[in-house]
Amino acid sequence: MGEITYESVPKGSTQRLAELAGDSPPTTIPEVIRRLTEIRDYAASTSLLGENDGIAAFSKLYHIITRRVGEMVESGEFKSSPFLVRLDIEFAERYFQALRRYAADIHTAPGVWRALFDNRSDPKVPPVNFAVLGVNAHINYDLAHALIATWRHVEPDGEGPDSEQFHDYRVINEVFEMEMDGLREELDSIFSNGPDGAPWDVGANWLADLVVTFTRDLAWDEAKRVWKAGASPEVCKASERRLDSMATFLAEGVLRLPLPV
């Protein structure tokens, strides 16, 4: 893992970000959007990287996606709004919780989130990579257990095409795909050619594609597996450890991706 560049991030910044994340879970999508706005703006205003700061870059993308989901809820585009709203709130709380844990004790934060937080002020990491790091953490580590937390409040309604919850979950895929298209194009422009027009390493292109194209169905399947196993604290912790290990491996790959010089 990289280390915080204290010259670029003022003392107290991490604690303030945790405060902006709130001391309790959000209760509405507008509240999620407000917190993301404050986190994004504060991170940008207190970092020498400005809007290119790692936390600012990811929070900006997350804010865009969440705002779009909120608009869709308001317009009645989901079949199971109580499920979808609860999932959005539980999903966001995972990010806010990671910020709180990092401020309280860096070593208690999930490894995959530390990859972003530790390196947020590194000028050698482009903002697009920071966004990918955040997406990787949020999808490959957080999403399955956000689903489980949601089902503790809104019972699962089945699986496959007959499930309204799964239908809405798939609709959210379309929102992610739309917003990630721009990110993919930017990644392609970075990774398609190396210095002097030489192609970048095939492994680098594969890793970037894997992180950005993430399969949210895998998170659904993991959540179902854990739920059917009883979703006890022990089962959940074991699942989180495994997911964190996998996602952290991907995050470290993103940080090592060769970049233009």
# chains A, B, ... in the order shown; residues from 1 in each chain; ligands from 1
>>> residues_around(residues="stretch 225-228 of chain A", least_positions_apart="3", cutoff="9 Å", atoms="only C-alpha atoms", output="tab-separated table (two decimals) with N, CA, C and O atoms, in the first residue's frame")
chain	number	residue	atom	x	y	z
A	144	ALA	N	-22.09	-6.79	-2.25
A	144	ALA	CA	-22.74	-8.02	-1.75
A	144	ALA	C	-23.28	-7.82	-0.35
A	144	ALA	O	-24.41	-8.24	-0.03
A	145	HIS	N	-22.51	-7.17	0.49
A	145	HIS	CA	-22.94	-7.02	1.88
A	145	HIS	C	-23.90	-5.85	2.08
A	145	HIS	O	-24.64	-5.82	3.07
A	148	ILE	N	-27.07	-7.75	1.53
A	148	ILE	CA	-27.45	-8.51	2.72
A	148	ILE	C	-28.07	-7.59	3.77
A	148	ILE	O	-29.10	-7.91	4.39
A	151	TRP	N	-31.60	-6.78	2.72
A	151	TRP	CA	-32.55	-7.87	2.94
A	151	TRP	C	-32.93	-8.06	4.41
A	151	TRP	O	-33.95	-8.65	4.71
A	220	TRP	N	-24.40	-10.16	-6.53
A	220	TRP	CA	-25.73	-10.71	-6.22
A	220	TRP	C	-25.61	-12.17	-5.81
A	220	TRP	O	-26.20	-12.61	-4.82
A	221	ASP	N	-24.84	-12.94	-6.57
A	221	ASP	CA	-24.67	-14.36	-6.27
A	221	ASP	C	-24.01	-14.58	-4.92
A	221	ASP	O	-24.40	-15.47	-4.16
A	222	GLU	N	-23.01	-13.75	-4.60
A	222	GLU	CA	-22.33	-13.88	-3.30
A	222	GLU	C	-23.29	-13.53	-2.17
A	222	GLU	O	-23.32	-14.20	-1.13
A	231	ALA	N	-26.33	-15.90	6.93
A	231	ALA	CA	-25.82	-14.53	7.08
A	231	ALA	C	-25.46	-14.21	8.53
A	231	ALA	O	-25.69	-13.10	9.01
A	232	SER	N	-24.88	-15.19	9.22
A	232	SER	CA	-24.44	-14.96	10.60
A	232	SER	C	-23.21	-14.05	10.58
A	232	SER	O	-22.56	-13.88	9.54
A	235	VAL	N	-20.24	-15.94	9.13
A	235	VAL	CA	-20.31	-16.16	7.68
A	235	VAL	C	-20.05	-14.86	6.93
A	235	VAL	O	-19.34	-14.83	5.92
A	236	CYS	N	-20.62	-13.78	7.42
A	236	CYS	CA	-20.43	-12.48	6.78
A	236	CYS	C	-18.98	-12.03	6.83
A	236	CYS	O	-18.43	-11.54	5.84
A	239	SER	N	-16.88	-13.95	4.36
A	239	SER	CA	-17.14	-13.48	3.01
A	239	SER	C	-16.43	-12.14	2.78
A	239	SER	O	-15.80	-11.94	1.73
>>> select_by_dssp(residues="stretch 3-146 of chain A", states="alpha helix (DSSP H)", output="ChimeraX atom specification")
/A:13-20,29-45,54-74,81-104,111-118,127-137,143-146
>>> write_last_selection(atoms="C-alpha atoms", output="PDB file, in the first residue's frame")
ATOM      1  CA  SER A  13      -8.451  16.306   6.741  1.00  0.00           C
ATOM      2  CA  THR A  14      -9.097  12.608   7.306  1.00  0.00           C
ATOM      3  CA  GLN A  15     -11.010  13.303  10.511  1.00  0.00           C
ATOM      4  CA  ARG A  16     -13.094  15.991   8.844  1.00  0.00           C
ATOM      5  CA  LEU A  17     -13.978  13.668   5.963  1.00  0.00           C
ATOM      6  CA  ALA A  18     -15.172  11.118   8.521  1.00  0.00           C
ATOM      7  CA  GLU A  19     -17.339  13.790  10.126  1.00  0.00           C
ATOM      8  CA  LEU A  20     -18.839  14.681   6.757  1.00  0.00           C
ATOM      9  CA  ILE A  29     -31.155   9.236  -1.031  1.00  0.00           C
ATOM     10  CA  PRO A  30     -31.080  13.065  -0.875  1.00  0.00           C
ATOM     11  CA  GLU A  31     -29.088  12.735   2.351  1.00  0.00           C
ATOM     12  CA  VAL A  32     -26.641  10.404   0.602  1.00  0.00           C
ATOM     13  CA  ILE A  33     -26.252  12.943  -2.204  1.00  0.00           C
ATOM     14  CA  ARG A  34     -25.669  15.766   0.282  1.00  0.00           C
ATOM     15  CA  ARG A  35     -22.946  13.846   2.115  1.00  0.00           C
ATOM     16  CA  LEU A  36     -21.235  12.880  -1.137  1.00  0.00           C
ATOM     17  CA  THR A  37     -21.305  16.510  -2.255  1.00  0.00           C
ATOM     18  CA  GLU A  38     -19.700  17.708   0.970  1.00  0.00           C
ATOM     19  CA  ILE A  39     -17.066  14.947   0.917  1.00  0.00           C
ATOM     20  CA  ARG A  40     -16.219  15.652  -2.726  1.00  0.00           C
ATOM     21  CA  ASP A  41     -15.956  19.406  -2.217  1.00  0.00           C
ATOM     22  CA  TYR A  42     -13.968  19.214   1.009  1.00  0.00           C
ATOM     23  CA  ALA A  43     -11.519  16.649  -0.367  1.00  0.00           C
ATOM     24  CA  ALA A  44     -10.924  18.811  -3.440  1.00  0.00           C
ATOM     25  CA  SER A  45     -10.558  22.033  -1.455  1.00  0.00           C
ATOM     26  CA  GLY A  54      -8.503  10.434  -5.037  1.00  0.00           C
ATOM     27  CA  ILE A  55     -11.438  10.821  -2.676  1.00  0.00           C
ATOM     28  CA  ALA A  56     -12.756  13.806  -4.632  1.00  0.00           C
ATOM     29  CA  ALA A  57     -12.500  11.936  -7.957  1.00  0.00           C
ATOM     30  CA  PHE A  58     -14.379   8.860  -6.745  1.00  0.00           C
ATOM     31  CA  SER A  59     -16.962  10.857  -4.788  1.00  0.00           C
ATOM     32  CA  LYS A  60     -17.684  12.891  -7.927  1.00  0.00           C
ATOM     33  CA  LEU A  61     -18.463   9.753  -9.949  1.00  0.00           C
ATOM     34  CA  TYR A  62     -20.486   8.238  -7.100  1.00  0.00           C
ATOM     35  CA  HIS A  63     -22.448  11.467  -6.705  1.00  0.00           C
ATOM     36  CA  ILE A  64     -23.387  11.456 -10.404  1.00  0.00           C
ATOM     37  CA  ILE A  65     -24.610   7.860 -10.255  1.00  0.00           C
ATOM     38  CA  THR A  66     -26.554   8.331  -7.012  1.00  0.00           C
ATOM     39  CA  ARG A  67     -28.227  11.497  -8.271  1.00  0.00           C
ATOM     40  CA  ARG A  68     -29.375   9.612 -11.378  1.00  0.00           C
ATOM     41  CA  VAL A  69     -30.763   6.773  -9.243  1.00  0.00           C
ATOM     42  CA  GLY A  70     -32.648   9.310  -7.126  1.00  0.00           C
ATOM     43  CA  GLU A  71     -34.208  10.818 -10.250  1.00  0.00           C
ATOM     44  CA  MET A  72     -35.299   7.358 -11.395  1.00  0.00           C
ATOM     45  CA  VAL A  73     -36.908   6.627  -8.026  1.00  0.00           C
ATOM     46  CA  GLU A  74     -38.810   9.919  -8.184  1.00  0.00           C
ATOM     47  CA  SER A  81     -38.755   1.114  -4.784  1.00  0.00           C
ATOM     48  CA  PRO A  82     -38.510   0.213  -1.067  1.00  0.00           C
ATOM     49  CA  PHE A  83     -35.843  -2.363  -1.915  1.00  0.00           C
ATOM     50  CA  LEU A  84     -33.994  -0.064  -4.296  1.00  0.00           C
ATOM     51  CA  VAL A  85     -33.983   2.917  -1.941  1.00  0.00           C
ATOM     52  CA  ARG A  86     -32.814   0.788   0.955  1.00  0.00           C
ATOM     53  CA  LEU A  87     -30.045  -0.729  -1.169  1.00  0.00           C
ATOM     54  CA  ASP A  88     -28.851   2.714  -2.248  1.00  0.00           C
ATOM     55  CA  ILE A  89     -28.687   3.823   1.392  1.00  0.00           C
ATOM     56  CA  GLU A  90     -26.946   0.663   2.629  1.00  0.00           C
ATOM     57  CA  PHE A  91     -24.509   0.825  -0.279  1.00  0.00           C
ATOM     58  CA  ALA A  92     -23.547   4.420   0.497  1.00  0.00           C
ATOM     59  CA  GLU A  93     -23.202   3.637   4.193  1.00  0.00           C
ATOM     60  CA  ARG A  94     -20.439   1.164   3.348  1.00  0.00           C
ATOM     61  CA  TYR A  95     -18.378   4.004   1.821  1.00  0.00           C
ATOM     62  CA  PHE A  96     -19.136   6.336   4.711  1.00  0.00           C
ATOM     63  CA  GLN A  97     -18.235   3.616   7.197  1.00  0.00           C
ATOM     64  CA  ALA A  98     -14.904   3.046   5.442  1.00  0.00           C
ATOM     65  CA  LEU A  99     -14.088   6.760   5.832  1.00  0.00           C
ATOM     66  CA  ARG A 100     -14.984   6.632   9.543  1.00  0.00           C
ATOM     67  CA  ARG A 101     -12.924   3.500  10.178  1.00  0.00           C
ATOM     68  CA  TYR A 102      -9.953   4.950   8.335  1.00  0.00           C
ATOM     69  CA  ALA A 103     -10.060   8.099  10.469  1.00  0.00           C
ATOM     70  CA  ALA A 104     -10.437   6.142  13.714  1.00  0.00           C
ATOM     71  CA  GLY A 111      -7.541  -3.052   2.526  1.00  0.00           C
ATOM     72  CA  VAL A 112      -9.290  -2.226  -0.720  1.00  0.00           C
ATOM     73  CA  TRP A 113     -10.426   1.181   0.590  1.00  0.00           C
ATOM     74  CA  ARG A 114      -6.986   1.864   2.010  1.00  0.00           C
ATOM     75  CA  ALA A 115      -5.600   1.497  -1.510  1.00  0.00           C
ATOM     76  CA  LEU A 116      -7.614   4.594  -2.432  1.00  0.00           C
ATOM     77  CA  PHE A 117      -7.334   6.535   0.822  1.00  0.00           C
ATOM     78  CA  ASP A 118      -3.590   5.950   1.319  1.00  0.00           C
ATOM     79  CA  PRO A 127      -8.009  10.801 -11.354  1.00  0.00           C
ATOM     80  CA  VAL A 128      -9.458   8.141 -13.665  1.00  0.00           C
ATOM     81  CA  ASN A 129      -7.447   5.508 -11.779  1.00  0.00           C
ATOM     82  CA  PHE A 130      -8.754   6.862  -8.487  1.00  0.00           C
ATOM     83  CA  ALA A 131     -12.302   6.519  -9.794  1.00  0.00           C
ATOM     84  CA  VAL A 132     -11.585   2.929 -10.825  1.00  0.00           C
ATOM     85  CA  LEU A 133     -10.111   2.187  -7.384  1.00  0.00           C
ATOM     86  CA  GLY A 134     -13.305   3.430  -5.754  1.00  0.00           C
ATOM     87  CA  VAL A 135     -15.567   1.506  -8.115  1.00  0.00           C
ATOM     88  CA  ASN A 136     -13.548  -1.640  -7.502  1.00  0.00           C
ATOM     89  CA  ALA A 137     -13.899  -1.265  -3.721  1.00  0.00           C
ATOM     90  CA  LEU A 143     -22.089  -4.437  -2.870  1.00  0.00           C
ATOM     91  CA  ALA A 144     -22.736  -8.016  -1.754  1.00  0.00           C
ATOM     92  CA  HIS A 145     -22.942  -7.022   1.884  1.00  0.00           C
ATOM     93  CA  ALA A 146     -24.994  -3.931   1.123  1.00  0.00           C
TER      94      ALA A 146
END
